[in-house]
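Chemist: One structure follows; several queries about it will come next.
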Number of protein chains: 2
Amino acid sequence: MARSRVVIVGGGFGGLRVAKELDKIDVDVVLIDRTNHHLFQPLLYQVATAGLSPSDIAAPIRAIVGRQKNTTVLMAEVNSIDLESKKVVHDSGELNFDFLVVATGATHSYFGKDDWEKHAPGLKSLADATSIRSRVLGSFEAAERGDGDTGPLLTFVVIGGGPTGVEMAGAIAELGRLALKGDFQRIRPEALKVVLIEAGPRLLGAFDPSLSDYAKRSLEEMGVEVQLGHAVEEIGEGFVKVNGQILHTSNIVWAAGVRANPLVASLGTEVDRAGRAMVQPDCSIPGHSNVFVVGDAMHLAGPDGKPLPGVSPVAMQQGKYVAGLIKAELAGKIERTPFAYWDKGSMATIGRKRAVAQVGNIRLTGFIAWVAWLFVHVWYLIDFDRKLIVLLQWAWAYFTHRRRARLIT
Amino acid sequence: MARSRVVIVGGGFGGLRVAKELDKIDVDVVLIDRTNHHLFQPLLYQVATAGLSPSDIAAPIRAIVGRQKNTTVLMAEVNSIDLESKKVVHDSGELNFDFLVVATGATHSYFGKDDWEKHAPGLKSLADATSIRSRVLGSFEAAERGDGDTGPLLTFVVIGGGPTGVEMAGAIAELGRLALKGDFQRIRPEALKVVLIEAGPRLLGAFDPSLSDYAKRSLEEMGVEVQLGHAVEEIGEGFVKVNGQILHTSNIVWAAGVRANPLVASLGTEVDRAGRAMVQPDCSIPGHSNVFVVGDAMHLAGPDGKPLPGVSPVAMQQGKYVAGLIKAELAGKIERTPFAYWDKGSMATIGRKRAVAQVGNIRLTGFIAWVAWLFVHVWYLIDFDRKLIVLLQWAWAYFTHRRRARLIT
């Protein structure tokens with residue numbers, strides 16, 4: 001009998017974990033991703049704000065699992081999945097599978113206003129990050145040259161008050177203040193305006209309210225204007241309309257909504273409003289015990305009845321769990337215990353030396369939370385050499401207040 | 001009387017040096033570049049072959065001279081120069097000058113066959129380098145996927161046997177051998193073919209013939225096929241024709257010819273066949289003692305009667321010299337001694353542990369030349385923190401045989 005084949009679509013935290021767990025198992029593994037790299041998404045905002053380089057937070061998928069003898073890595077875009085004939089169709093061929101893991105993650109959602117995207121790009125890929133970086137730095141350059149009004153050029157609007165929005169607003173404020181203080185002759189630090197817009201009543205809605213307050217206060221001390229309680233009404237060329245008022249700006253970043261990758265829909269299984277597959281307690285889809293969806297692409301209720309959050313620990317734990325199920329089944333064990341998420345806590349950084357963190361009933365703010373944040377993020381950067389280099393760069397940037405990756409490309 | 005203004009066009013080795021030398025001098029300095037970064041061009045081939053990241057070899061010009069109080073940095077494209085009215089016209093305005101330094105460097109030359117460019121990109125900017133990197137890595141991916149013939153996908157042709165061509169051919173051979181040995185399941189190291197084509201009778205024509213021989217032998221040991229003595233006859237989609245034979249390839253890199261930036265022509269002064277301004281012994285152009293051209297954009301004979309080479313030491317020494325002339329003139333001293341180039345020698349790297357170097361009558365090859373090359377190149381990387389980080393990355397890559405920046409973007 002031929003070896004079983006496991007096809008994994010997506011080389012993010014979830015998919016990569018499945019592949020790594022299947023190393024040395026008697027099964028063929030094919031990992032397909034449309035890019036050639038695994039991306040450490042939690043630090044993508046650092047690339048967008050010139051603190052880190054793309055290669056600091058991205059590692060070739062081949063460098064991670066390419067040397068596993070049972071694993072083939074393919075860089076290809078998957079176009080559809082055929083559950084009946086157990087087949088994945090990609091741009092240059094198709095692949096049969098015995099087990100399928102869909103780990104395609106999430107993309108931006110503009111809640112039906114797709115024409116907003118060109119004015120308000122989101123932050124999900126390296127290309128997104130370098131393009132936002134070029135726009136932000138390019139605005140400073142245009143203001144220094146004296147192209148048009150300095151006001152809109154130096155106004156930065158971030159939409160969405162979750163961790164990404166908070167991190168982006170804080171990082172732009174720091175980048176701008178730092179750059180304008182020293183490196184420019186004509187434009188002044190006072191001209192910088194950073195606005196963070198959140199439709200809900202508080203920032204960081206998934207955190208304890210005391211941490212939301214701390215985040216708001218910290219951002220305001222850093223010069224960020226925080227607007228709560230009103231959703232954006234309109235976005236167009238050079239402006240955002242919110243609460244009946246027009247903000248003129250050349251720089252809008254969208255961090256307000258995500259939805260599952262559209263490929264999930266091709267599974268033909270039930271999805272939620274964000275396009276995520278409604279999975280069974282064992283992460284499989286109804287009627288197909290050999291097809292799993294993990295991470296940001298799936299919807300599964302946690303012990304509190306709310307869906308599990310779209311964060312990397314969920315994806316990684318599900319990846320490990322699903323690989324375990326596959327290994328057990330290959331060994332003849334069919335019975336499955338449901339997936340259980342171990343919540344290690346959440347954290348978000350606000351700026352240099354400021355962050356918030358909560359683990360169970362423990363809540364941290366300020367420098368200690370920032371050190372915890374730094375430690376956890378550097379620790380999880382996949383390769384050891386990267387850990388060391390990134391840590392050194394940060395340490396250096398910390399002492400010199402410089403941002404090294406200020407490239408407009 | 002208003003302060004005199006020095007306008008410098010180009011933030012490469014020459015232009016930057018002029019600006020740095022004018023720090024704290026009673027003169028207004030405006031440095032214009034179409035990018036926001038100074039590029040350490042000698043290591044660009046390392047970015048193209050995934051050994052280094054763009055931010056490792058590029059530093060924001062503002063980070064280098066932005067804090068000089070008398071210096072304004074503008075990111076803008078200069079379109080023309082009007083010597084009569086002493087004016088530089090750029091995309092968003094114009095600038096009057098009292099002194100002008102044109103330090104715009106060189107670009108690719110296809111000797112009139114401009115349609116070759118789209119098939120055989122050259123290597124002058126970060127965008128060139130990341131695009132070549134994506135093409136090279138993308139070819140390995142396509143071969144692994146099984147798109148079309150593996151032969152042409154894994155054939156890499158480098159045209160031009162000067163330092164850049166030799167460095168590129170060696171680096172591609174190493175990247176390919178390393179990648180194919182471990183990270184791919186389907187394609188084999190034997191399938192890799194790297195061809196280096198040089199029209200002249202030997203590689204590294206500016207070096208001593210013994211070093212040319214060493215370079216050829218070393219490349220051949222690394223698996224590179226070296227073809228000498230025939231110019232390329234034709235380049236088209238997927239092929240190169242040389243010496244009557246067709247080479248089928250998806251990857252062509254052009255390192256054969258350069259010409260001065262076209263802006264030089266707008267000076268209306270005499271140029272050589274490569275479009276370089278024929279400058280006076282003081283680097284000024286005839287009839288305009290306040291207008292200088294330095295570096296790769298100028299033509300000036302050295303003591304041996306041959307034009308000074310297009311290398312960074314010439315540009316830097318001329319930058320320092322021209323800044324000295326401007327300082328002297330501001331202080332009322334009109335007399336000028338001609339520019340004298342101090343040749344510190346030349347070096348080119350071939351691969352890990354192999355390089356050639358010559359300084360006067362001293363000739364080095366092999367590991368010692370490579371260490372010298374490494375030391376000189378890291379030393380000249382402008383910022384200290386970069387020196388340290390880049391050195392560490394290289395040390396790490398050296399011990400682990402890994403290339404960290406293998407990103408297709």
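In the structure tokens, chains take letters A, B, ... by order of appearance, with residues numbered from 1 within each chain and ligands from 1 in the order shown.
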Pick out the residues sitting within 8 Å of B:Gly238, and hand them over as a VMD selection string; count only C-alpha atoms, and ignore anything fewer than 5 positions along from it in its own chain.
Modeler: chain B and resid 119 152 248 to 251
Chemist: With C-alpha atoms retained, could you export that selection as a compact mmCIF listing (two decimals), in the first residue's frame?
Modeler:
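Listing of out.txt after writing:
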# COMPACT_ATOMS: atom_id res chain seq x y z
CA HIS B 119 15.51 39.75 -20.45
CA PRO B 152 16.45 26.33 -18.67
CA HIS B 248 18.31 28.17 -23.10
CA THR B 249 17.86 29.91 -19.77
CA SER B 250 15.26 31.61 -17.62
CA ASN B 251 17.85 33.66 -15.75
Chemist: Please identify every residue of chain A that has at least one atom no more than 9 Å from any atom of chain B, counting only C-alpha atoms, and report them as a ChimeraX atom specification.
Modeler: /A:35-37,52-56,58-60,62-76,92-93,126-127,137-138,141-142,144-147,179,182-186,385-386,389,392-393,396,402,404-409
Chemist: I'd like to know which of A:Val264, A:Val27, A:Val356, A:Val158 is closest to A:Ser212, using only C-alpha atoms.
Modeler: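 The answer is A:Val356, which sits nearest to A:Ser212.
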Chemist: Would you mind telling me which residue in B:Phe207, B:Phe239, B:Phe292, B:Phe97 lies nearest to B:Ala348 when using only C-alpha atoms?
Modeler: B:Phe207
Chemist: Residues of stretch 271-337 of chain A in strand (DSSP E) according to DSSP, as a list of chain:residue names?
Modeler: A:Ala277, A:Met278, A:Ser284, A:Ile285, A:His288, A:Ser289, A:Asn290, A:Val291, A:Phe292, A:Val293, A:Met298, A:His299
Chemist: For those residues, write N, CA and C atoms to a file as a short mmCIF file (atom, residue, chain, number, x, y, z; two decimals), in the first residue's frame.
Modeler:
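Once written, selection28.cif looks like this:
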data_model
loop_
_atom_site.label_atom_id
_atom_site.label_comp_id
_atom_site.auth_asym_id
_atom_site.auth_seq_id
_atom_site.Cartn_x
_atom_site.Cartn_y
_atom_site.Cartn_z
N ALA A 277 -14.33 28.67 8.55
CA ALA A 277 -15.03 27.38 8.56
C ALA A 277 -15.46 27.03 9.99
N MET A 278 -16.73 26.63 10.13
CA MET A 278 -17.22 26.16 11.43
C MET A 278 -16.72 24.73 11.59
N SER A 284 -11.87 19.18 12.49
CA SER A 284 -12.23 18.69 11.15
C SER A 284 -13.55 19.34 10.74
N ILE A 285 -13.89 19.21 9.45
CA ILE A 285 -15.16 19.77 9.02
C ILE A 285 -16.19 18.64 8.95
N HIS A 288 -16.18 15.12 6.95
CA HIS A 288 -14.85 14.83 6.41
C HIS A 288 -13.84 14.79 7.55
N SER A 289 -13.73 13.65 8.17
CA SER A 289 -12.86 13.57 9.33
C SER A 289 -11.38 13.67 8.97
N ASN A 290 -11.07 13.62 7.67
CA ASN A 290 -9.67 13.73 7.22
C ASN A 290 -9.32 15.15 6.75
N VAL A 291 -10.26 16.08 6.87
CA VAL A 291 -10.02 17.47 6.42
C VAL A 291 -10.11 18.40 7.62
N PHE A 292 -9.00 19.09 7.90
CA PHE A 292 -8.94 19.95 9.08
C PHE A 292 -8.75 21.40 8.66
N VAL A 293 -9.29 22.30 9.46
CA VAL A 293 -9.01 23.73 9.28
C VAL A 293 -8.48 24.23 10.61
N MET A 298 -10.42 29.16 10.87
CA MET A 298 -11.52 28.34 11.42
C MET A 298 -12.26 29.07 12.54
N HIS A 299 -13.45 28.59 12.83
CA HIS A 299 -14.28 29.11 13.91
C HIS A 299 -14.59 27.95 14.85
#
Chemist: With the cut-off set at 9 Å and counting only C-alpha atoms, tabulate each residue of stretch 176-210 of chain A with an atom at most that distance from an atom of stretch 159-166 of chain A, showing the nearest atom pair and its distance in Å to one decimal, ordered by chain and increasing number, as CSV.
Modeler:
residue,atom,partner,partner_atom,distance
A:Val195,CA,A:Ile159,CA,8.4
A:Leu196,CA,A:Ile159,CA,6.0
A:Ile197,CA,A:Ile159,CA,4.9
A:Glu198,CA,A:Gly161,CA,4.9
A:Ala199,CA,A:Gly160,CA,7.3
A:Gly200,CA,A:Gly161,CA,8.2
A:Arg202,CA,A:Gly161,CA,7.7
A:Leu203,CA,A:Gly161,CA,4.8
A:Leu204,CA,A:Gly162,CA,4.7
A:Gly205,CA,A:Gly162,CA,6.8
A:Ala206,CA,A:Gly162,CA,8.0
Chemist: Out of stretch 34-188 of chain A, which residues get helix (DSSP H, G or I) from DSSP, as number ranges by chain?
Modeler: A: 41-48, 54-57, 61-65, 114-116, 126-145, 150-153, 163-182
Chemist: Out of B:Leu178, B:Ala256, B:Leu83, B:Val6, which residue has the shortest atom-to-atom distance to B:Ala231 when counting only C-alpha atoms?
Modeler: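 Using only C-alpha atoms, the shortest distance to B:Ala231 belongs to B:Ala256.
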Chemist: Excluding A:Thr104 and its own-chain neighbours fewer than 4 positions away, which residues fall within 10 Å of it when counting only C-alpha atoms? Please give them as a ChimeraX atom specification.
Modeler: /A:8-15,32-34,78,260-264,293-298
Chemist: Within 9 Å of B:Gly366, counting only C-alpha atoms, which residues show up once you throw out same-chain ones fewer than 5 positions away? Write them as an MDAnalysis selection string, please.
Modeler: chainID B and resid 214 353:356 371
